[in-house]
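Structure file final.pdb (PDB, C-alpha atoms, pLDDT in the B column) is printed below.
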MODEL        1
ATOM      1  CA  MET A   1      -4.082  10.747  20.273  1.00 57.00           C
ATOM      2  CA  SER A   2      -0.649   9.112  20.184  1.00 70.00           C
ATOM      3  CA  PHE A   3       1.053   7.803  17.052  1.00 80.00           C
ATOM      4  CA  ARG A   4       0.676   4.091  16.377  1.00 90.00           C
ATOM      5  CA  SER A   5       2.226   2.149  13.527  1.00 96.00           C
ATOM      6  CA  HIS A   6      -0.142  -0.026  11.540  1.00 98.00           C
ATOM      7  CA  MET A   7       2.676  -1.672   9.598  1.00 98.00           C
ATOM      8  CA  PRO A   8       2.395  -4.888  11.687  1.00 98.00           C
ATOM      9  CA  LEU A   9      -1.127  -5.408  10.313  1.00 98.00           C
ATOM     10  CA  ALA A  10       0.061  -4.595   6.779  1.00 98.00           C
ATOM     11  CA  LEU A  11       2.813  -7.191   7.203  1.00 98.00           C
ATOM     12  CA  GLU A  12       0.229  -9.708   8.422  1.00 98.00           C
ATOM     13  CA  GLU A  13      -1.816  -9.078   5.261  1.00 98.00           C
ATOM     14  CA  ALA A  14       1.344  -9.460   3.152  1.00 98.00           C
ATOM     15  CA  ARG A  15       2.139 -12.812   4.785  1.00 98.00           C
ATOM     16  CA  ALA A  16      -1.416 -13.993   4.105  1.00 98.00           C
ATOM     17  CA  ALA A  17      -0.992 -12.967   0.454  1.00 98.00           C
ATOM     18  CA  ALA A  18       2.218 -15.008   0.253  1.00 98.00           C
ATOM     19  CA  ASP A  19       0.388 -17.998   1.735  1.00 97.00           C
ATOM     20  CA  ARG A  20      -2.093 -17.682  -1.160  1.00 97.00           C
ATOM     21  CA  GLY A  21       0.794 -17.627  -3.655  1.00 97.00           C
ATOM     22  CA  GLU A  22       0.410 -13.884  -4.267  1.00 98.00           C
ATOM     23  CA  VAL A  23       3.261 -11.365  -4.187  1.00 98.00           C
ATOM     24  CA  PRO A  24       3.416 -10.498  -0.472  1.00 98.00           C
ATOM     25  CA  VAL A  25       2.174  -6.937  -0.259  1.00 98.00           C
ATOM     26  CA  GLY A  26      -0.251  -5.779   2.410  1.00 98.00           C
ATOM     27  CA  ALA A  27      -2.088  -2.507   2.948  1.00 99.00           C
ATOM     28  CA  VAL A  28      -4.172  -0.930   5.696  1.00 98.00           C
ATOM     29  CA  VAL A  29      -6.350   2.199   5.640  1.00 98.00           C
ATOM     30  CA  VAL A  30      -6.750   3.968   8.975  1.00 98.00           C
ATOM     31  CA  LYS A  31      -8.794   6.973  10.087  1.00 97.00           C
ATOM     32  CA  ASP A  32      -8.441   8.514  13.535  1.00 95.00           C
ATOM     33  CA  GLY A  33      -6.584   5.420  14.722  1.00 94.00           C
ATOM     34  CA  LYS A  34      -9.338   3.033  13.587  1.00 97.00           C
ATOM     35  CA  VAL A  35      -8.657   0.454  10.882  1.00 98.00           C
ATOM     36  CA  LEU A  36     -11.206   0.883   8.087  1.00 98.00           C
ATOM     37  CA  ALA A  37      -9.793  -1.758   5.745  1.00 98.00           C
ATOM     38  CA  ALA A  38      -6.917  -4.192   5.387  1.00 98.00           C
ATOM     39  CA  ALA A  39      -5.986  -6.232   2.328  1.00 98.00           C
ATOM     40  CA  GLY A  40      -3.257  -8.202   0.642  1.00 98.00           C
ATOM     41  CA  ASN A  41      -2.575  -8.722  -3.044  1.00 98.00           C
ATOM     42  CA  ARG A  42      -5.186 -10.852  -4.836  1.00 98.00           C
ATOM     43  CA  THR A  43      -4.266 -10.386  -8.508  1.00 98.00           C
ATOM     44  CA  LEU A  44      -3.953 -14.126  -9.192  1.00 98.00           C
ATOM     45  CA  GLU A  45      -6.973 -15.173  -7.152  1.00 97.00           C
ATOM     46  CA  LEU A  46      -9.291 -12.574  -8.698  1.00 98.00           C
ATOM     47  CA  HIS A  47      -7.718 -12.690 -12.187  1.00 98.00           C
ATOM     48  CA  ASP A  48      -7.450  -8.920 -11.886  1.00 98.00           C
ATOM     49  CA  PRO A  49      -4.247  -6.967 -12.530  1.00 98.00           C
ATOM     50  CA  THR A  50      -5.623  -4.077 -10.447  1.00 97.00           C
ATOM     51  CA  ALA A  51      -6.215  -6.208  -7.334  1.00 98.00           C
ATOM     52  CA  HIS A  52      -3.159  -4.793  -5.589  1.00 98.00           C
ATOM     53  CA  ALA A  53      -3.312  -4.578  -1.805  1.00 98.00           C
ATOM     54  CA  GLU A  54      -3.573  -0.779  -1.924  1.00 98.00           C
ATOM     55  CA  MET A  55      -6.428  -0.794  -4.453  1.00 98.00           C
ATOM     56  CA  LEU A  56      -8.389  -3.384  -2.486  1.00 98.00           C
ATOM     57  CA  ALA A  57      -7.890  -1.539   0.808  1.00 98.00           C
ATOM     58  CA  ILE A  58      -8.843   1.803  -0.766  1.00 98.00           C
ATOM     59  CA  ARG A  59     -12.006   0.301  -2.299  1.00 98.00           C
ATOM     60  CA  ALA A  60     -13.021  -1.307   1.006  1.00 98.00           C
ATOM     61  CA  ALA A  61     -12.348   1.873   2.993  1.00 98.00           C
ATOM     62  CA  CYS A  62     -14.373   3.971   0.537  1.00 98.00           C
ATOM     63  CA  ALA A  63     -17.238   1.489   0.861  1.00 98.00           C
ATOM     64  CA  ALA A  64     -16.982   1.597   4.661  1.00 98.00           C
ATOM     65  CA  LEU A  65     -17.190   5.406   4.656  1.00 98.00           C
ATOM     66  CA  GLY A  66     -19.717   5.611   1.820  1.00 98.00           C
ATOM     67  CA  SER A  67     -17.490   8.040  -0.057  1.00 98.00           C
ATOM     68  CA  GLU A  68     -15.044   8.104  -2.952  1.00 97.00           C
ATOM     69  CA  ARG A  69     -12.755  10.276  -0.825  1.00 98.00           C
ATOM     70  CA  LEU A  70     -10.611   9.136   2.076  1.00 98.00           C
ATOM     71  CA  THR A  71      -9.889  12.598   3.436  1.00 98.00           C
ATOM     72  CA  GLY A  72      -8.086  12.409   6.757  1.00 98.00           C
ATOM     73  CA  CYS A  73      -7.166   8.746   6.246  1.00 98.00           C
ATOM     74  CA  ASP A  74      -3.742   7.118   6.235  1.00 98.00           C
ATOM     75  CA  LEU A  75      -2.531   4.260   4.050  1.00 98.00           C
ATOM     76  CA  TRP A  76       0.064   1.841   5.362  1.00 98.00           C
ATOM     77  CA  VAL A  77       1.616  -0.458   2.748  1.00 98.00           C
ATOM     78  CA  THR A  78       4.568  -2.833   2.865  1.00 98.00           C
ATOM     79  CA  LEU A  79       5.951  -1.886  -0.567  1.00 98.00           C
ATOM     80  CA  GLU A  80       6.286   1.418  -2.386  1.00 98.00           C
ATOM     81  CA  PRO A  81       3.094   1.813  -4.437  1.00 98.00           C
ATOM     82  CA  CYS A  82       3.201   1.337  -8.199  1.00 98.00           C
ATOM     83  CA  PRO A  83       2.151   4.200 -10.499  1.00 98.00           C
ATOM     84  CA  SER A  84      -1.461   2.961 -10.705  1.00 97.00           C
ATOM     85  CA  CYS A  85      -1.779   2.698  -6.936  1.00 98.00           C
ATOM     86  CA  ALA A  86      -0.155   6.111  -6.489  1.00 98.00           C
ATOM     87  CA  GLY A  87      -2.788   7.531  -8.856  1.00 97.00           C
ATOM     88  CA  ALA A  88      -5.548   5.926  -6.775  1.00 98.00           C
ATOM     89  CA  ILE A  89      -3.989   7.315  -3.581  1.00 98.00           C
ATOM     90  CA  SER A  90      -4.105  10.794  -5.107  1.00 98.00           C
ATOM     91  CA  ALA A  91      -7.666  10.382  -6.392  1.00 97.00           C
ATOM     92  CA  ALA A  92      -8.843   9.124  -2.982  1.00 98.00           C
ATOM     93  CA  ARG A  93      -7.221  12.143  -1.302  1.00 98.00           C
ATOM     94  CA  LEU A  94      -5.462  10.059   1.343  1.00 98.00           C
ATOM     95  CA  ALA A  95      -3.782  12.319   3.879  1.00 98.00           C
ATOM     96  CA  ARG A  96      -0.675  10.244   4.549  1.00 98.00           C
ATOM     97  CA  LEU A  97       1.173   7.351   2.901  1.00 98.00           C
ATOM     98  CA  TYR A  98       3.439   5.161   5.010  1.00 98.00           C
ATOM     99  CA  TYR A  99       5.352   2.478   3.140  1.00 98.00           C
ATOM    100  CA  GLY A 100       8.041  -0.040   3.968  1.00 98.00           C
ATOM    101  CA  ALA A 101      10.360  -1.221   1.211  1.00 98.00           C
ATOM    102  CA  PRO A 102      11.268   0.765  -1.896  1.00 98.00           C
ATOM    103  CA  ASP A 103      10.446  -0.792  -5.268  1.00 97.00           C
ATOM    104  CA  PRO A 104      13.197   0.094  -7.768  1.00 95.00           C
ATOM    105  CA  LYS A 105      11.564  -2.027 -10.482  1.00 94.00           C
ATOM    106  CA  SER A 106       7.909  -0.982 -10.299  1.00 96.00           C
ATOM    107  CA  GLY A 107       7.609   1.842  -7.776  1.00 97.00           C
ATOM    108  CA  GLY A 108       5.784   5.011  -8.649  1.00 97.00           C
ATOM    109  CA  VAL A 109       6.437   7.248  -5.639  1.00 98.00           C
ATOM    110  CA  ALA A 110      10.198   7.625  -5.078  1.00 97.00           C
ATOM    111  CA  GLN A 111      11.194   5.501  -8.080  1.00 93.00           C
ATOM    112  CA  GLY A 112      10.203   5.513 -11.726  1.00 93.00           C
ATOM    113  CA  PRO A 113       7.560   8.075 -12.710  1.00 96.00           C
ATOM    114  CA  ARG A 114       7.234   9.640  -9.233  1.00 97.00           C
ATOM    115  CA  ILE A 115       3.531  10.287  -9.646  1.00 97.00           C
ATOM    116  CA  PHE A 116       3.231  12.807  -6.820  1.00 97.00           C
ATOM    117  CA  ASP A 117       5.953  15.021  -8.331  1.00 97.00           C
ATOM    118  CA  HIS A 118       3.843  15.743 -11.424  1.00 94.00           C
ATOM    119  CA  PRO A 119       1.788  18.934 -11.625  1.00 92.00           C
ATOM    120  CA  GLN A 120      -1.118  16.750 -12.800  1.00 91.00           C
ATOM    121  CA  ALA A 121      -1.309  15.059  -9.377  1.00 92.00           C
ATOM    122  CA  HIS A 122      -4.582  16.383  -7.970  1.00 90.00           C
ATOM    123  CA  HIS A 123      -3.547  15.625  -4.418  1.00 97.00           C
ATOM    124  CA  VAL A 124      -0.210  14.800  -2.787  1.00 98.00           C
ATOM    125  CA  PRO A 125      -0.245  12.974   0.542  1.00 98.00           C
ATOM    126  CA  GLU A 126       2.399  13.328   3.201  1.00 98.00           C
ATOM    127  CA  ILE A 127       4.844  10.489   2.472  1.00 98.00           C
ATOM    128  CA  TYR A 128       6.833   8.487   5.007  1.00 98.00           C
ATOM    129  CA  ALA A 129       9.109   5.810   3.525  1.00 98.00           C
ATOM    130  CA  GLY A 130      11.171   3.085   5.139  1.00 98.00           C
ATOM    131  CA  ILE A 131       8.713   2.075   7.866  1.00 97.00           C
ATOM    132  CA  GLU A 132       9.873  -1.389   9.011  1.00 97.00           C
ATOM    133  CA  GLU A 133      11.761  -1.515   5.707  1.00 98.00           C
ATOM    134  CA  GLU A 134      13.920  -4.514   6.614  1.00 98.00           C
ATOM    135  CA  ALA A 135      10.955  -6.710   7.550  1.00 98.00           C
ATOM    136  CA  CYS A 136       9.009  -5.662   4.450  1.00 98.00           C
ATOM    137  CA  ALA A 137      11.968  -6.230   2.119  1.00 98.00           C
ATOM    138  CA  ALA A 138      12.839  -9.582   3.714  1.00 98.00           C
ATOM    139  CA  LEU A 139       9.315 -10.865   3.154  1.00 97.00           C
ATOM    140  CA  LEU A 140       9.536 -10.070  -0.548  1.00 97.00           C
ATOM    141  CA  LYS A 141      13.081 -11.396  -0.898  1.00 97.00           C
ATOM    142  CA  ASP A 142      12.179 -14.694   0.777  1.00 96.00           C
ATOM    143  CA  PHE A 143       9.044 -15.076  -1.346  1.00 96.00           C
ATOM    144  CA  PHE A 144      10.905 -14.628  -4.616  1.00 94.00           C
ATOM    145  CA  ALA A 145      13.859 -16.779  -3.474  1.00 93.00           C
ATOM    146  CA  THR A 146      11.499 -19.740  -3.003  1.00 88.00           C
ATOM    147  CA  ARG A 147       9.980 -19.127  -6.454  1.00 84.00           C
ATOM    148  CA  ARG A 148      13.383 -19.085  -8.161  1.00 80.00           C
ATOM    149  CA  ALA A 149      14.832 -22.079  -6.318  1.00 69.00           C
TER     150      ALA A 149
ENDMDL
END

Rewritten as structure tokens:
Amino acid sequence: MSFRSHMPLALEEARAAADRGEVPVGAVVVKDGKVLAAAGNRTLELHDPTAHAEMLAIRAACAALGSERLTGCDLWVTLEPCPSCAGAISAARLARLYYGAPDPKSGGVAQGPRIFDHPQAHHVPEIYAGIEEEACAALLKDFFATRRA
């Protein structure tokens, strides 16, 4: 099986989130090249501070597999996961994390608390940062520029 980036679908989910007035973050869970779940942020719509794209995609993928574990699955997300999402990634036992833009303010992987560096992390996925970073960062920058104008 050849490598295929699923960041275009994550970016599509992020754009849809922006269209709903949500912070434009998108996530996709993939197993053996097949998309199990895709989601964008829905915190405002669902009145739920945990309705991050990663959380929603993880929940949907677990439901699709009928398991609380996503062993052998990959998560593609447009923004570095926050500490809560990083904890969920560890708990779900995702094999690989691919993310686009770093998040110096709220990130929990390479920034801030660096969840996977702690001995308490039950599982540490392979991590690949900077996937289509410019496109992911531009989407966020444009979204917030229109909000501050």

**Message:** With only C-alpha atoms as the counted atoms, please give the residues lying no more than 9 Å from A:Ala135, apart from itself and same-chain residues fewer than 4 positions off, as a ChimeraX atom specification.
**Reply:** /A:11,78,100-101,139-140

**Item:** Residues near A:Thr43, cut-off 9 Å, only C-alpha atoms, skip fewer than 6 positions along chain, as a PyMOL selection string
**Value:** chain A and resi 22-23+49-53

Go ahead and save the picked residues with C-alpha atoms, as a CSV table (one decimal), in the coordinates of the input.
chain,number,residue,atom,x,y,z
A,22,GLU,CA,0.4,-13.9,-4.3
A,23,VAL,CA,3.3,-11.4,-4.2
A,49,PRO,CA,-4.2,-7.0,-12.5
A,50,THR,CA,-5.6,-4.1,-10.4
A,51,ALA,CA,-6.2,-6.2,-7.3
A,52,HIS,CA,-3.2,-4.8,-5.6
A,53,ALA,CA,-3.3,-4.6,-1.8

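Considering only C-alpha atoms, the residue among A:Glu80, A:Glu68, A:Asp19, A:Glu12 positioned nearest to A:Arg93 is A:Glu68.
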
Would you kindly translate the PyMOL selection byres ((chain A and resi 136) around 12) into the concrete residues it picks from this file, as a CSV table (one decimal) with C-alpha atoms, in the coordinates of the input?
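Listing of expr_8.csv after writing:
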chain,number,residue,atom,x,y,z
A,7,MET,CA,2.7,-1.7,9.6
A,8,PRO,CA,2.4,-4.9,11.7
A,9,LEU,CA,-1.1,-5.4,10.3
A,10,ALA,CA,0.1,-4.6,6.8
A,11,LEU,CA,2.8,-7.2,7.2
A,12,GLU,CA,0.2,-9.7,8.4
A,13,GLU,CA,-1.8,-9.1,5.3
A,14,ALA,CA,1.3,-9.5,3.2
A,15,ARG,CA,2.1,-12.8,4.8
A,23,VAL,CA,3.3,-11.4,-4.2
A,24,PRO,CA,3.4,-10.5,-0.5
A,25,VAL,CA,2.2,-6.9,-0.3
A,26,GLY,CA,-0.3,-5.8,2.4
A,27,ALA,CA,-2.1,-2.5,2.9
A,76,TRP,CA,0.1,1.8,5.4
A,77,VAL,CA,1.6,-0.5,2.7
A,78,THR,CA,4.6,-2.8,2.9
A,79,LEU,CA,6.0,-1.9,-0.6
A,80,GLU,CA,6.3,1.4,-2.4
A,99,TYR,CA,5.4,2.5,3.1
A,100,GLY,CA,8.0,0.0,4.0
A,101,ALA,CA,10.4,-1.2,1.2
A,102,PRO,CA,11.3,0.8,-1.9
A,103,ASP,CA,10.4,-0.8,-5.3
A,129,ALA,CA,9.1,5.8,3.5
A,130,GLY,CA,11.2,3.1,5.1
A,131,ILE,CA,8.7,2.1,7.9
A,132,GLU,CA,9.9,-1.4,9.0
A,133,GLU,CA,11.8,-1.5,5.7
A,134,GLU,CA,13.9,-4.5,6.6
A,135,ALA,CA,11.0,-6.7,7.6
A,137,ALA,CA,12.0,-6.2,2.1
A,138,ALA,CA,12.8,-9.6,3.7
A,139,LEU,CA,9.3,-10.9,3.2
A,140,LEU,CA,9.5,-10.1,-0.5
A,141,LYS,CA,13.1,-11.4,-0.9
A,142,ASP,CA,12.2,-14.7,0.8
A,143,PHE,CA,9.0,-15.1,-1.3

**Prompt:** For the file shown, what are the residues hit by the PyMOL selection byres ((chain A and resi 114-117) around 10), laid out as a VMD selection string?
**Reply:** chain A and resid 81 to 87 89 to 90 107 to 113 118 to 125 127

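Separating atom CA of A:Arg69 from atom CA of A:Leu56 is a distance of 14.4 Å.
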
**Request:** Record the distance separating atom CA of A:Met55 and atom CA of A:Leu75, expressed in Å with one decimal.
**Result:** 10.6 Å

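From atom CA of A:His6 back to atom CA of A:Glu54, the distance works out to 13.9 Å.
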
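Closest approach to A:Asn41 from the set A:Val28, A:Ala61, A:Ala18, A:Tyr128 is made by A:Ala18, with distances taken over all atoms listed in the file.
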
**Asked** Hey, which of A:Ala95, A:Leu44, A:Ala63, A:Ala88 ends up closest to A:Gly21? Count only C-alpha atoms.
**Response** A:Leu44

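Residues captured in this structure file are Met1, Phe3, Arg4, Ser5, Asp32 and Gly33 of chain A, according to the PyMOL selection byres ((chain A and resi 2) around 12).
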
**Message:** Given only C-alpha atoms as the basis, pick out the residue of A:Cys73, A:Val35, A:Ala145, A:Cys62 nearest to A:Glu126.
**Reply:** A:Cys73

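Nearest-residue note for A:Gly40: choosing from A:Leu70, A:Ala91, A:Leu65, A:Ala60, the minimum distance belongs to A:Ala60, counting all atoms listed in the file.
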